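Have a look at protein_38.pdb; it's PDB, C-alpha atoms:
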```pdb
MODEL        1
ATOM      1  CA  MET K   1     -78.225 -21.964  65.635
ATOM      2  CA  MET K   2     -75.585 -23.404  63.278
ATOM      3  CA  LYS K   3     -72.751 -25.435  64.739
ATOM      4  CA  ALA K   4     -69.102 -25.780  63.757
ATOM      5  CA  LYS K   5     -69.622 -29.347  62.483
ATOM      6  CA  GLU K   6     -72.155 -28.064  59.933
ATOM      7  CA  ILE K   7     -69.798 -25.637  58.192
ATOM      8  CA  MET K   8     -66.323 -27.100  58.785
ATOM      9  CA  THR K   9     -64.165 -28.533  56.038
ATOM     10  CA  LYS K  10     -63.861 -32.215  56.914
ATOM     11  CA  ASP K  11     -61.009 -33.074  54.538
ATOM     12  CA  VAL K  12     -58.329 -31.312  56.582
ATOM     13  CA  VAL K  13     -54.832 -30.889  55.204
ATOM     14  CA  THR K  14     -52.260 -31.221  57.999
ATOM     15  CA  VAL K  15     -48.473 -31.109  58.192
ATOM     16  CA  GLY K  16     -45.894 -32.474  60.600
ATOM     17  CA  ARG K  17     -43.095 -30.613  62.330
ATOM     18  CA  ASP K  18     -40.583 -32.068  59.859
ATOM     19  CA  THR K  19     -42.356 -30.694  56.751
ATOM     20  CA  THR K  20     -39.968 -28.367  54.929
ATOM     21  CA  VAL K  21     -40.750 -24.688  54.521
ATOM     22  CA  ARG K  22     -40.538 -25.173  50.758
ATOM     23  CA  ASP K  23     -43.107 -28.003  50.811
ATOM     24  CA  LEU K  24     -45.338 -25.896  53.049
ATOM     25  CA  ALA K  25     -45.228 -22.958  50.629
ATOM     26  CA  LYS K  26     -46.024 -25.315  47.748
ATOM     27  CA  LEU K  27     -48.974 -26.746  49.716
ATOM     28  CA  PHE K  28     -50.395 -23.276  50.393
ATOM     29  CA  ALA K  29     -50.094 -22.328  46.730
ATOM     30  CA  GLU K  30     -51.465 -25.563  45.263
ATOM     31  CA  ARG K  31     -54.357 -26.027  47.696
ATOM     32  CA  ARG K  32     -55.121 -22.287  47.970
ATOM     33  CA  ILE K  33     -55.247 -22.415  51.752
ATOM     34  CA  SER K  34     -53.757 -20.017  54.269
ATOM     35  CA  SER K  35     -53.390 -22.063  57.469
ATOM     36  CA  VAL K  36     -52.676 -25.692  58.278
ATOM     37  CA  PRO K  37     -52.848 -27.585  61.563
ATOM     38  CA  VAL K  38     -49.546 -29.124  62.684
ATOM     39  CA  VAL K  39     -49.905 -32.654  64.068
ATOM     40  CA  ASP K  40     -47.562 -35.092  65.788
ATOM     41  CA  ASN K  41     -46.863 -38.701  64.757
ATOM     42  CA  GLU K  42     -50.136 -39.853  66.363
ATOM     43  CA  GLY K  43     -52.127 -37.228  64.456
ATOM     44  CA  LEU K  44     -52.746 -35.063  67.530
ATOM     45  CA  LEU K  45     -52.802 -31.275  67.221
ATOM     46  CA  VAL K  46     -49.608 -29.549  68.372
ATOM     47  CA  GLY K  47     -49.993 -26.161  66.659
ATOM     48  CA  ILE K  48     -50.825 -24.257  63.512
ATOM     49  CA  VAL K  49     -48.785 -22.682  60.732
ATOM     50  CA  SER K  50     -49.988 -19.936  58.399
ATOM     51  CA  GLU K  51     -48.927 -17.931  55.392
ATOM     52  CA  SER K  52     -48.068 -15.146  57.841
ATOM     53  CA  ASP K  53     -45.477 -17.418  59.458
ATOM     54  CA  LEU K  54     -43.848 -17.838  56.039
ATOM     55  CA  ILE K  55     -44.013 -14.132  55.215
ATOM     56  CA  GLU K  56     -42.417 -13.185  58.559
ATOM     57  CA  ARG K  57     -39.269 -14.934  57.360
ATOM     58  CA  ASP K  58     -38.673 -12.056  54.915
ATOM     59  CA  LYS K  59     -39.073  -9.152  57.322
ATOM     60  CA  PRO K  60     -36.023  -7.252  58.595
ATOM     61  CA  LEU K  61     -34.419  -8.628  61.734
ATOM     62  CA  HIS K  62     -34.913  -6.420  64.796
ATOM     63  CA  ILE K  63     -31.791  -6.491  66.950
ATOM     64  CA  PRO K  64     -32.539  -5.916  70.639
ATOM     65  CA  THR K  65     -31.414  -2.668  72.207
ATOM     66  CA  VAL K  66     -28.668  -3.077  74.799
ATOM     67  CA  ILE K  67     -26.735  -0.840  77.151
ATOM     68  CA  SER K  68     -23.132  -1.600  77.969
ATOM     69  CA  ILE K  69     -21.935  -0.382  81.350
ATOM     70  CA  PHE K  70     -18.356  -1.309  82.140
ATOM     71  CA  ASP K  71     -18.240  -5.048  81.403
ATOM     72  CA  TRP K  72     -21.992  -5.612  81.754
ATOM     73  CA  VAL K  73     -24.430  -5.881  78.866
ATOM     74  CA  ILE K  74     -28.014  -5.092  79.815
ATOM     75  CA  TYR K  75     -30.785  -6.039  77.369
ATOM     76  CA  LEU K  76     -33.577  -3.479  77.265
ATOM     77  CA  GLU K  77     -35.757  -5.959  75.390
ATOM     78  CA  SER K  78     -36.271  -9.687  75.643
ATOM     79  CA  ASP K  79     -33.450 -11.654  74.087
ATOM     80  CA  LYS K  80     -35.872 -14.630  73.932
ATOM     81  CA  ARG K  81     -38.007 -12.726  71.415
ATOM     82  CA  PHE K  82     -34.898 -12.055  69.337
ATOM     83  CA  GLU K  83     -33.969 -15.763  69.415
ATOM     84  CA  LYS K  84     -37.497 -16.776  68.311
ATOM     85  CA  GLU K  85     -37.471 -14.181  65.524
ATOM     86  CA  LEU K  86     -34.061 -15.363  64.324
ATOM     87  CA  GLN K  87     -35.205 -18.999  64.417
ATOM     88  CA  LYS K  88     -38.254 -18.163  62.278
ATOM     89  CA  MET K  89     -36.174 -16.264  59.722
ATOM     90  CA  THR K  90     -33.635 -19.039  59.314
ATOM     91  CA  GLY K  91     -35.991 -21.990  59.804
ATOM     92  CA  GLN K  92     -36.052 -24.808  57.308
ATOM     93  CA  THR K  93     -38.977 -26.821  58.684
ATOM     94  CA  VAL K  94     -42.425 -26.230  60.111
ATOM     95  CA  ALA K  95     -40.975 -26.929  63.588
ATOM     96  CA  ASP K  96     -38.988 -23.689  63.274
ATOM     97  CA  ILE K  97     -41.892 -21.416  62.334
ATOM     98  CA  PHE K  98     -45.220 -22.791  63.596
ATOM     99  CA  SER K  99     -47.232 -21.436  66.499
ATOM    100  CA  GLN K 100     -47.926 -23.784  69.397
ATOM    101  CA  GLU K 101     -50.694 -21.507  70.622
ATOM    102  CA  VAL K 102     -53.721 -22.487  68.570
ATOM    103  CA  LEU K 103     -57.335 -21.528  69.128
ATOM    104  CA  THR K 104     -59.726 -24.440  68.620
ATOM    105  CA  VAL K 105     -63.411 -25.251  68.956
ATOM    106  CA  GLY K 106     -65.357 -28.466  69.341
ATOM    107  CA  PRO K 107     -67.812 -29.745  66.709
ATOM    108  CA  GLU K 108     -70.803 -28.543  68.775
ATOM    109  CA  ALA K 109     -69.522 -24.964  69.132
ATOM    110  CA  PRO K 110     -71.883 -22.320  67.739
ATOM    111  CA  VAL K 111     -70.731 -20.638  64.542
ATOM    112  CA  SER K 112     -71.048 -17.308  66.364
ATOM    113  CA  GLU K 113     -68.242 -18.432  68.714
ATOM    114  CA  VAL K 114     -66.020 -19.208  65.709
ATOM    115  CA  ALA K 115     -66.787 -15.796  64.191
ATOM    116  CA  GLU K 116     -65.912 -14.115  67.480
ATOM    117  CA  LEU K 117     -62.574 -15.974  67.683
ATOM    118  CA  MET K 118     -61.696 -15.065  64.107
ATOM    119  CA  THR K 119     -62.461 -11.383  64.510
ATOM    120  CA  ASN K 120     -61.206 -10.790  68.058
ATOM    121  CA  LYS K 121     -58.021 -12.850  67.721
ATOM    122  CA  LYS K 122     -57.471 -12.064  64.017
ATOM    123  CA  VAL K 123     -56.989 -15.680  62.946
ATOM    124  CA  GLN K 124     -57.592 -17.041  59.458
ATOM    125  CA  ALA K 125     -58.650 -20.549  60.443
ATOM    126  CA  VAL K 126     -59.883 -22.403  63.501
ATOM    127  CA  PRO K 127     -59.305 -26.152  63.801
ATOM    128  CA  VAL K 128     -62.264 -28.207  65.027
ATOM    129  CA  VAL K 129     -61.074 -30.842  67.479
ATOM    130  CA  GLU K 130     -62.339 -33.742  69.532
ATOM    131  CA  GLY K 131     -59.821 -34.025  72.345
ATOM    132  CA  ARG K 132     -56.607 -33.150  70.484
ATOM    133  CA  ARG K 133     -57.613 -34.910  67.243
ATOM    134  CA  VAL K 134     -58.418 -32.606  64.310
ATOM    135  CA  VAL K 135     -61.818 -33.475  62.804
ATOM    136  CA  GLY K 136     -62.280 -30.346  60.700
ATOM    137  CA  ILE K 137     -61.198 -26.792  60.097
ATOM    138  CA  ILE K 138     -63.151 -23.588  59.597
ATOM    139  CA  GLY K 139     -61.599 -20.910  57.418
ATOM    140  CA  ARG K 140     -62.917 -17.478  56.627
ATOM    141  CA  ILE K 141     -64.350 -18.761  53.348
ATOM    142  CA  ASP K 142     -66.435 -21.308  55.296
ATOM    143  CA  MET K 143     -67.877 -18.431  57.318
ATOM    144  CA  VAL K 144     -68.683 -16.499  54.124
ATOM    145  CA  ARG K 145     -70.446 -19.550  52.665
ATOM    146  CA  THR K 146     -72.902 -19.523  55.596
ATOM    147  CA  MET K 147     -74.098 -16.122  54.388
ATOM    148  CA  ILE K 148     -75.124 -17.394  50.962
ATOM    149  CA  GLY K 149     -76.858 -20.431  52.047
TER     150      GLY K 149
ENDMDL
END
```

What does the file become when written as structure tokens?
Amino acid sequence: MMKAKEIMTKDVVTVGRDTTVRDLAKLFAERRISSVPVVDNEGLLVGIVSESDLIERDKPLHIPTVISIFDWVIYLESDKRFEKELQKMTGQTVADIFSQEVLTVGPEAPVSEVAELMTNKKVQAVPVVEGRRVVGIIGRIDMVRTMIG
């Protein structure tokens, strides 16, 4: 059974929270990658940012539905979601748009586990970590390469 460490890309491109959205877009285009781990100053994983996070910036803003009764305003939807959406659309750095919820595997994880994560959770890339330190990344193309040999 193949393991994550056998198929992962070891030369992992990472960004920090202070990387600009413009530099991130340039990185995606130049390196032809779709997701990048976000690391802190010590190089520890704090999240992931993808092309989808950049594309979401251009979608129309959904304003929450409210009801006004007398002097009360009642939100029918979460105003927190609206705030997060607004922050993503106006964000200038990775800190404004990245996802802190990141699915990871260890180097010894079976490739079948990575495939299951990618398909069930619809993610483009899965960082391979030891503790919180990124040691590799597995993208969809890495999974395809296992099929050809």

- Residue members of the PyMOL selection byres ((chain K and resi 127-141) around 8) in the file shown, as JSON, numbers by chain: {"K": [4, 5, 7, 8, 9, 10, 11, 12, 37, 43, 44, 45, 103, 104, 105, 106, 107, 118, 124, 125, 126, 142, 143, 144, 145]}

Please provide as an mmCIF file with C-alpha atoms, in the frame of the given file all residues within 10 Å of Val46 in chain K, with the sequence filter that same-chain residues fewer than 5 positions apart are discarded (counting all atoms listed in the file).
```
data_model
loop_
_atom_site.group_PDB
_atom_site.id
_atom_site.type_symbol
_atom_site.label_atom_id
_atom_site.label_comp_id
_atom_site.auth_asym_id
_atom_site.auth_seq_id
_atom_site.Cartn_x
_atom_site.Cartn_y
_atom_site.Cartn_z
ATOM 1 C CA GLY K 16 -45.894 -32.474 60.600
ATOM 2 C CA ARG K 17 -43.095 -30.613 62.330
ATOM 3 C CA PRO K 37 -52.848 -27.585 61.563
ATOM 4 C CA VAL K 38 -49.546 -29.124 62.684
ATOM 5 C CA VAL K 39 -49.905 -32.654 64.068
ATOM 6 C CA ASP K 40 -47.562 -35.092 65.788
ATOM 7 C CA PHE K 98 -45.220 -22.791 63.596
ATOM 8 C CA SER K 99 -47.232 -21.436 66.499
ATOM 9 C CA GLN K 100 -47.926 -23.784 69.397
ATOM 10 C CA GLU K 101 -50.694 -21.507 70.622
ATOM 11 C CA VAL K 102 -53.721 -22.487 68.570
ATOM 12 C CA ARG K 132 -56.607 -33.150 70.484
ATOM 13 C CA ARG K 133 -57.613 -34.910 67.243
#
```

Enclose range 115-132 of chain K, meaning all of its atoms listed in the file, in a box aligned along x, y and z, pad it by 8 Å on each side, and list the centre and edge lengths in Å to one decimal, as JSON.
```
{"center_x": -61.7, "center_y": -22.4, "center_z": 65.9, "size_x": 26.2, "size_y": 39.2, "size_z": 28.9}
```

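When all atoms listed in the file are used to compute distances to Val123 in chain K, the closest of the residues K:Lys26, K:Asn41, K:Ile48, K:Arg32 turns out to be K:Ile48.
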
- In Å, with one decimal, what is the gap from CA of Thr20 in chain K to CA of Ile33 in chain K? 16.7 Å

- Item | d(CA of Ile55 in chain K, CA of Val114 in chain K) in Å |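 The value is 24.9 Å.
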
- Query: Could you work out how far CA of Glu113 in chain K lies from CA of Thr146 in chain K, giving the answer in Å with one decimal?
  - Reply: 14.0 Å

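Proximity of K:Asp18, K:Glu6, K:Asp53, K:Glu42 to Thr93 in chain K, computed with all atoms listed in the file, is greatest for K:Asp18.
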
Neighbour list for Ser112 in chain K as a PDB file with C-alpha atoms, in the frame of the given file, cut-off 9 Å, all atoms listed in the file, skip fewer than 4 positions in-chain:
```pdb
ATOM      1  CA  MET K   1     -78.225 -21.964  65.635  1.00  0.00           C
ATOM      2  CA  MET K   2     -75.585 -23.404  63.278  1.00  0.00           C
ATOM      3  CA  LYS K   3     -72.751 -25.435  64.739  1.00  0.00           C
ATOM      4  CA  GLU K 116     -65.912 -14.115  67.480  1.00  0.00           C
ATOM      5  CA  LEU K 117     -62.574 -15.974  67.683  1.00  0.00           C
TER       6      LEU K 117
END
```

- Message: With distances taken over all atoms listed in the file, which residue among K:Val111, K:Ala95, K:Ile148, K:Val13 lies nearest Phe28 in chain K?
- Response: K:Val13
